[in-house]
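Here's the structure, in structure tokens; my notes come after.
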Amino acid sequence: VGSQTMAVALPKDLRQDASLAKRRHAELCRQKRIFNARNRIIGGDTEAWDVQVHDQKIKEATEKARHETFAAEMRQNDKIMCILENRIKRDRKNLCKAISDFQQSFQKPETRREFDLSDPLALKKDLPARQSDNDIRNTISGMQKFMGEDLNFHERKKFQEEQNREWSLQQQREWKNARAEQKCAEALYTETRLQFDEAAKHLQKLEGTTRKAVCASVKDFNKSQAIESVERKKREKKQEQEDNLTEITNLLRGDLLSENPQQAASSFGPHRVVPDRWKGMTQEQLEQIRLVQKQQVQEKLRLQEEKHQRDLDWDRRRIQGARAALLFERQQRRQQRDLRRALDSSNLSLAKEQRLQKKYMNEVYTNQPTGDYFTQFNTGSR
């Protein structure tokens, strides 16, 4: 039992051992009060009841503090998860807002180079400027003919539309790649979170197994202590009965109760005694009484020695339990520190990936050609 307690003892078990020892001491004090005919009182033992109520309150407070600790840890973990989710949503929202602001500020329809090709009021504004490239109305002062306004307008417009379509496809491919990278990062984060949950579940299961083993050990120890206490009480009762029987026998056979006439014989007759010559009991009777007293003293010394040995054993067990609890607490701190380091490393890697992704998106928007304004505008309007 001592080796098992040293391997899996917990602070809660130490408190239980101390509580059991305190209850045993209170029970012994109560028995002394009850079985003492001089100081015994009639009625309930209110002091023992108060001690039991106090111990029950302490136990309930300890259990409540433990549940509150677990609840605080769960709330802290949920709060961290909410903060991370809100941070991802905020970054995504800021990115979409930045794209929309950029399109509204720098990609307006009026600023496009091809706005004249899609102007809805172009036919209502004026008559055709010329009939051909060699129209006589196309004078220099009239400013009706500029570079790009030739007769092959349709071919050039078709080429520009094809170029815009290629740019749009390229932008869609880049957007799909960015989405795939983001999904990969989210999957990695989910997998890491599941691993942490599995580790926490394993630790909780290990703690439950340890607690069951400790409870079984304490139960066996208490059972053996109860059996030993019953046997000891039987021996004490038997010894007390023997002592009482010996004392009664000595009293019955003594000169005081037997009224031996030879002890105080008088010269005036056998029916008279001389009080001043009576010396009390005989030497043999005195020796017998001293022998019994000596045996009682030895028995009392033996009981005190057994009690001292039990106290030493309890002290040794308590020290071993405290040492085991300290070792287990250090192991738990070491495991928590390792889990915290793993979580910090995972957060650093996720942050690094997010910074790389943001840097890549900034480079894409920075290196994008001037024609991408029109493409991004069309994509944003969709």
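Following the order of the structure tokens, chains are lettered A, B, ..., residues in each are numbered from 1, and ligands are numbered from 1.
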
Kindly assemble as a Markdown table a list of the range 334-365 of chain A residues that lie within 12 Å of range 165-176 of chain A, each paired with its nearest atom pair and their distance in Å to one decimal, using only C-alpha atoms, sorted first by chain and then by ascending residue number.
```
| residue | atom | partner | partner_atom | distance |
| --- | --- | --- | --- | --- |
| A:Gln357 | CA | A:Trp175 | CA | 11.8 |
| A:Tyr360 | CA | A:Glu174 | CA | 10.5 |
| A:Met361 | CA | A:Glu174 | CA | 9.4 |
| A:Glu363 | CA | A:Glu174 | CA | 12.0 |
| A:Val364 | CA | A:Glu174 | CA | 8.7 |
| A:Tyr365 | CA | A:Gln171 | CA | 10.2 |
```

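Atom pair CA of His154 in chain A / CA of Ser141 in chain A has a distance of 26.6 Å (rounded to one decimal).
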
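Residues in contact with range 51-59 of chain A at up to 9 Å, not including ones fewer than 5 positions away on its chain and judged by only C-alpha atoms, are Gln16, Ser19, Arg23, Ala26, Thr46 and Lys64 of chain A.
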
Once you have the residues from the selection above, write them out as a compact mmCIF listing (two decimals), in the first residue's frame, restricted to N, CA, C and O atoms.
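The result, written out as again_0.txt:
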```
# COMPACT_ATOMS: atom_id res chain seq x y z
N GLN A 16 -7.72 13.84 2.40
CA GLN A 16 -8.61 12.80 2.91
C GLN A 16 -7.96 12.03 4.06
O GLN A 16 -8.61 11.71 5.06
N SER A 19 -8.09 14.16 7.03
CA SER A 19 -9.46 14.19 7.55
C SER A 19 -9.81 12.91 8.30
O SER A 19 -10.44 12.94 9.36
N ARG A 23 -10.80 12.57 12.17
CA ARG A 23 -12.02 11.93 12.64
C ARG A 23 -11.74 10.82 13.66
O ARG A 23 -12.50 10.64 14.62
N ALA A 26 -11.06 12.48 16.90
CA ALA A 26 -12.30 12.98 17.50
C ALA A 26 -13.14 11.84 18.07
O ALA A 26 -13.76 11.97 19.13
N THR A 46 -22.63 16.88 20.85
CA THR A 46 -22.73 18.04 19.96
C THR A 46 -21.37 18.44 19.38
O THR A 46 -21.29 18.90 18.24
N LYS A 64 -16.00 22.07 -4.73
CA LYS A 64 -16.49 23.22 -5.50
C LYS A 64 -15.33 23.99 -6.12
O LYS A 64 -15.39 24.41 -7.29
```

Handout entry: Expected answer as a ChimeraX atom specification: alpha helix (DSSP H) residues in range 134-330 of chain A
Key = /A:153-253,255-258,283-330

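Taking CA of Asn250 in chain A as the reference point, CA of Lys233 in chain A is found at 25.5 Å.
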
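The list of residues with at least one atom within 12 Å of range 192-198 of chain A, based on only C-alpha atoms and without residues fewer than 2 positions apart in the same chain, reads Met74, Asn77, Ile80, Met81, Ala185, Glu186, Ala187, Leu188, Tyr189, Thr190, Ala200, Lys201, His202, Leu203, Gln204, Lys205, Gln336, Asp338, Leu339, Arg340, Arg341, Ala342, Leu343, Asp344, Ser345, Ser346, Asn347, Ser349 and Leu350 of chain A.
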
Restricting it to N, CA and C atoms, dump the selection as a PDB file, in the first residue's frame.
```
ATOM      1  N   MET A  74     -11.796  25.748 -18.995  1.00  0.00           N
ATOM      2  CA  MET A  74     -12.618  25.586 -20.188  1.00  0.00           C
ATOM      3  C   MET A  74     -13.041  26.940 -20.755  1.00  0.00           C
ATOM      4  N   ASN A  77     -10.075  28.468 -22.600  1.00  0.00           N
ATOM      5  CA  ASN A  77      -9.847  27.860 -23.913  1.00  0.00           C
ATOM      6  C   ASN A  77     -10.883  28.329 -24.921  1.00  0.00           C
ATOM      7  N   ILE A  80     -10.072  31.846 -25.991  1.00  0.00           N
ATOM      8  CA  ILE A  80      -8.959  31.887 -26.954  1.00  0.00           C
ATOM      9  C   ILE A  80      -9.440  31.518 -28.357  1.00  0.00           C
ATOM     10  N   MET A  81     -10.291  30.477 -28.451  1.00  0.00           N
ATOM     11  CA  MET A  81     -10.820  30.064 -29.745  1.00  0.00           C
ATOM     12  C   MET A  81     -11.678  31.169 -30.365  1.00  0.00           C
ATOM     13  N   ALA A 185      -4.444  25.976 -44.759  1.00  0.00           N
ATOM     14  CA  ALA A 185      -4.075  26.489 -43.427  1.00  0.00           C
ATOM     15  C   ALA A 185      -5.174  26.213 -42.404  1.00  0.00           C
ATOM     16  N   GLU A 186      -6.440  26.372 -42.813  1.00  0.00           N
ATOM     17  CA  GLU A 186      -7.531  26.069 -41.896  1.00  0.00           C
ATOM     18  C   GLU A 186      -7.577  24.588 -41.532  1.00  0.00           C
ATOM     19  N   ALA A 187      -7.320  23.713 -42.515  1.00  0.00           N
ATOM     20  CA  ALA A 187      -7.294  22.272 -42.225  1.00  0.00           C
ATOM     21  C   ALA A 187      -6.169  21.926 -41.255  1.00  0.00           C
ATOM     22  N   LEU A 188      -4.995  22.550 -41.458  1.00  0.00           N
ATOM     23  CA  LEU A 188      -3.882  22.314 -40.534  1.00  0.00           C
ATOM     24  C   LEU A 188      -4.226  22.783 -39.128  1.00  0.00           C
ATOM     25  N   TYR A 189      -4.875  23.927 -39.038  1.00  0.00           N
ATOM     26  CA  TYR A 189      -5.272  24.430 -37.713  1.00  0.00           C
ATOM     27  C   TYR A 189      -6.282  23.495 -37.049  1.00  0.00           C
ATOM     28  N   THR A 190      -7.257  22.994 -37.830  1.00  0.00           N
ATOM     29  CA  THR A 190      -8.246  22.053 -37.286  1.00  0.00           C
ATOM     30  C   THR A 190      -7.583  20.765 -36.809  1.00  0.00           C
ATOM     31  N   ALA A 200      -5.595  16.119 -24.345  1.00  0.00           N
ATOM     32  CA  ALA A 200      -6.317  16.463 -23.117  1.00  0.00           C
ATOM     33  C   ALA A 200      -7.210  15.311 -22.661  1.00  0.00           C
ATOM     34  N   LYS A 201      -7.858  14.640 -23.640  1.00  0.00           N
ATOM     35  CA  LYS A 201      -8.703  13.498 -23.278  1.00  0.00           C
ATOM     36  C   LYS A 201      -7.869  12.364 -22.681  1.00  0.00           C
ATOM     37  N   HIS A 202      -6.683  12.134 -23.265  1.00  0.00           N
ATOM     38  CA  HIS A 202      -5.813  11.079 -22.729  1.00  0.00           C
ATOM     39  C   HIS A 202      -5.360  11.406 -21.298  1.00  0.00           C
ATOM     40  N   LEU A 203      -5.016  12.670 -21.053  1.00  0.00           N
ATOM     41  CA  LEU A 203      -4.616  13.067 -19.702  1.00  0.00           C
ATOM     42  C   LEU A 203      -5.768  12.917 -18.709  1.00  0.00           C
ATOM     43  N   GLN A 204      -6.981  13.267 -19.160  1.00  0.00           N
ATOM     44  CA  GLN A 204      -8.131  13.118 -18.277  1.00  0.00           C
ATOM     45  C   GLN A 204      -8.399  11.654 -17.958  1.00  0.00           C
ATOM     46  N   LYS A 205      -8.259  10.785 -18.977  1.00  0.00           N
ATOM     47  CA  LYS A 205      -8.452   9.350 -18.745  1.00  0.00           C
ATOM     48  C   LYS A 205      -7.391   8.798 -17.795  1.00  0.00           C
ATOM     49  N   GLN A 336       1.964  20.325 -18.749  1.00  0.00           N
ATOM     50  CA  GLN A 336       1.288  21.563 -19.169  1.00  0.00           C
ATOM     51  C   GLN A 336       2.244  22.511 -19.880  1.00  0.00           C
ATOM     52  N   ASP A 338       4.859  21.623 -21.654  1.00  0.00           N
ATOM     53  CA  ASP A 338       5.095  21.084 -23.002  1.00  0.00           C
ATOM     54  C   ASP A 338       3.916  21.378 -23.923  1.00  0.00           C
ATOM     55  N   LEU A 339       2.682  21.221 -23.392  1.00  0.00           N
ATOM     56  CA  LEU A 339       1.509  21.530 -24.212  1.00  0.00           C
ATOM     57  C   LEU A 339       1.463  23.010 -24.576  1.00  0.00           C
ATOM     58  N   ARG A 340       1.838  23.875 -23.624  1.00  0.00           N
ATOM     59  CA  ARG A 340       1.824  25.315 -23.914  1.00  0.00           C
ATOM     60  C   ARG A 340       2.875  25.666 -24.982  1.00  0.00           C
ATOM     61  N   ARG A 341       4.025  25.026 -24.886  1.00  0.00           N
ATOM     62  CA  ARG A 341       5.047  25.271 -25.914  1.00  0.00           C
ATOM     63  C   ARG A 341       4.589  24.803 -27.292  1.00  0.00           C
ATOM     64  N   ALA A 342       3.931  23.642 -27.343  1.00  0.00           N
ATOM     65  CA  ALA A 342       3.433  23.149 -28.624  1.00  0.00           C
ATOM     66  C   ALA A 342       2.386  24.089 -29.201  1.00  0.00           C
ATOM     67  N   LEU A 343       1.498  24.600 -28.330  1.00  0.00           N
ATOM     68  CA  LEU A 343       0.484  25.539 -28.797  1.00  0.00           C
ATOM     69  C   LEU A 343       1.116  26.844 -29.286  1.00  0.00           C
ATOM     70  N   ASP A 344       2.136  27.345 -28.571  1.00  0.00           N
ATOM     71  CA  ASP A 344       2.819  28.567 -29.010  1.00  0.00           C
ATOM     72  C   ASP A 344       3.510  28.348 -30.358  1.00  0.00           C
ATOM     73  N   SER A 345       4.135  27.187 -30.526  1.00  0.00           N
ATOM     74  CA  SER A 345       4.796  26.893 -31.803  1.00  0.00           C
ATOM     75  C   SER A 345       3.784  26.835 -32.936  1.00  0.00           C
ATOM     76  N   SER A 346       2.617  26.202 -32.681  1.00  0.00           N
ATOM     77  CA  SER A 346       1.589  26.132 -33.711  1.00  0.00           C
ATOM     78  C   SER A 346       1.059  27.524 -34.054  1.00  0.00           C
ATOM     79  N   ASN A 347       0.854  28.355 -33.026  1.00  0.00           N
ATOM     80  CA  ASN A 347       0.374  29.722 -33.291  1.00  0.00           C
ATOM     81  C   ASN A 347       1.399  30.529 -34.095  1.00  0.00           C
ATOM     82  N   SER A 349       3.608  29.309 -36.233  1.00  0.00           N
ATOM     83  CA  SER A 349       3.603  28.826 -37.616  1.00  0.00           C
ATOM     84  C   SER A 349       2.387  29.352 -38.379  1.00  0.00           C
ATOM     85  N   LEU A 350       1.205  29.356 -37.704  1.00  0.00           N
ATOM     86  CA  LEU A 350       0.009  29.887 -38.368  1.00  0.00           C
ATOM     87  C   LEU A 350       0.159  31.385 -38.668  1.00  0.00           C
TER      88      LEU A 350
END
```
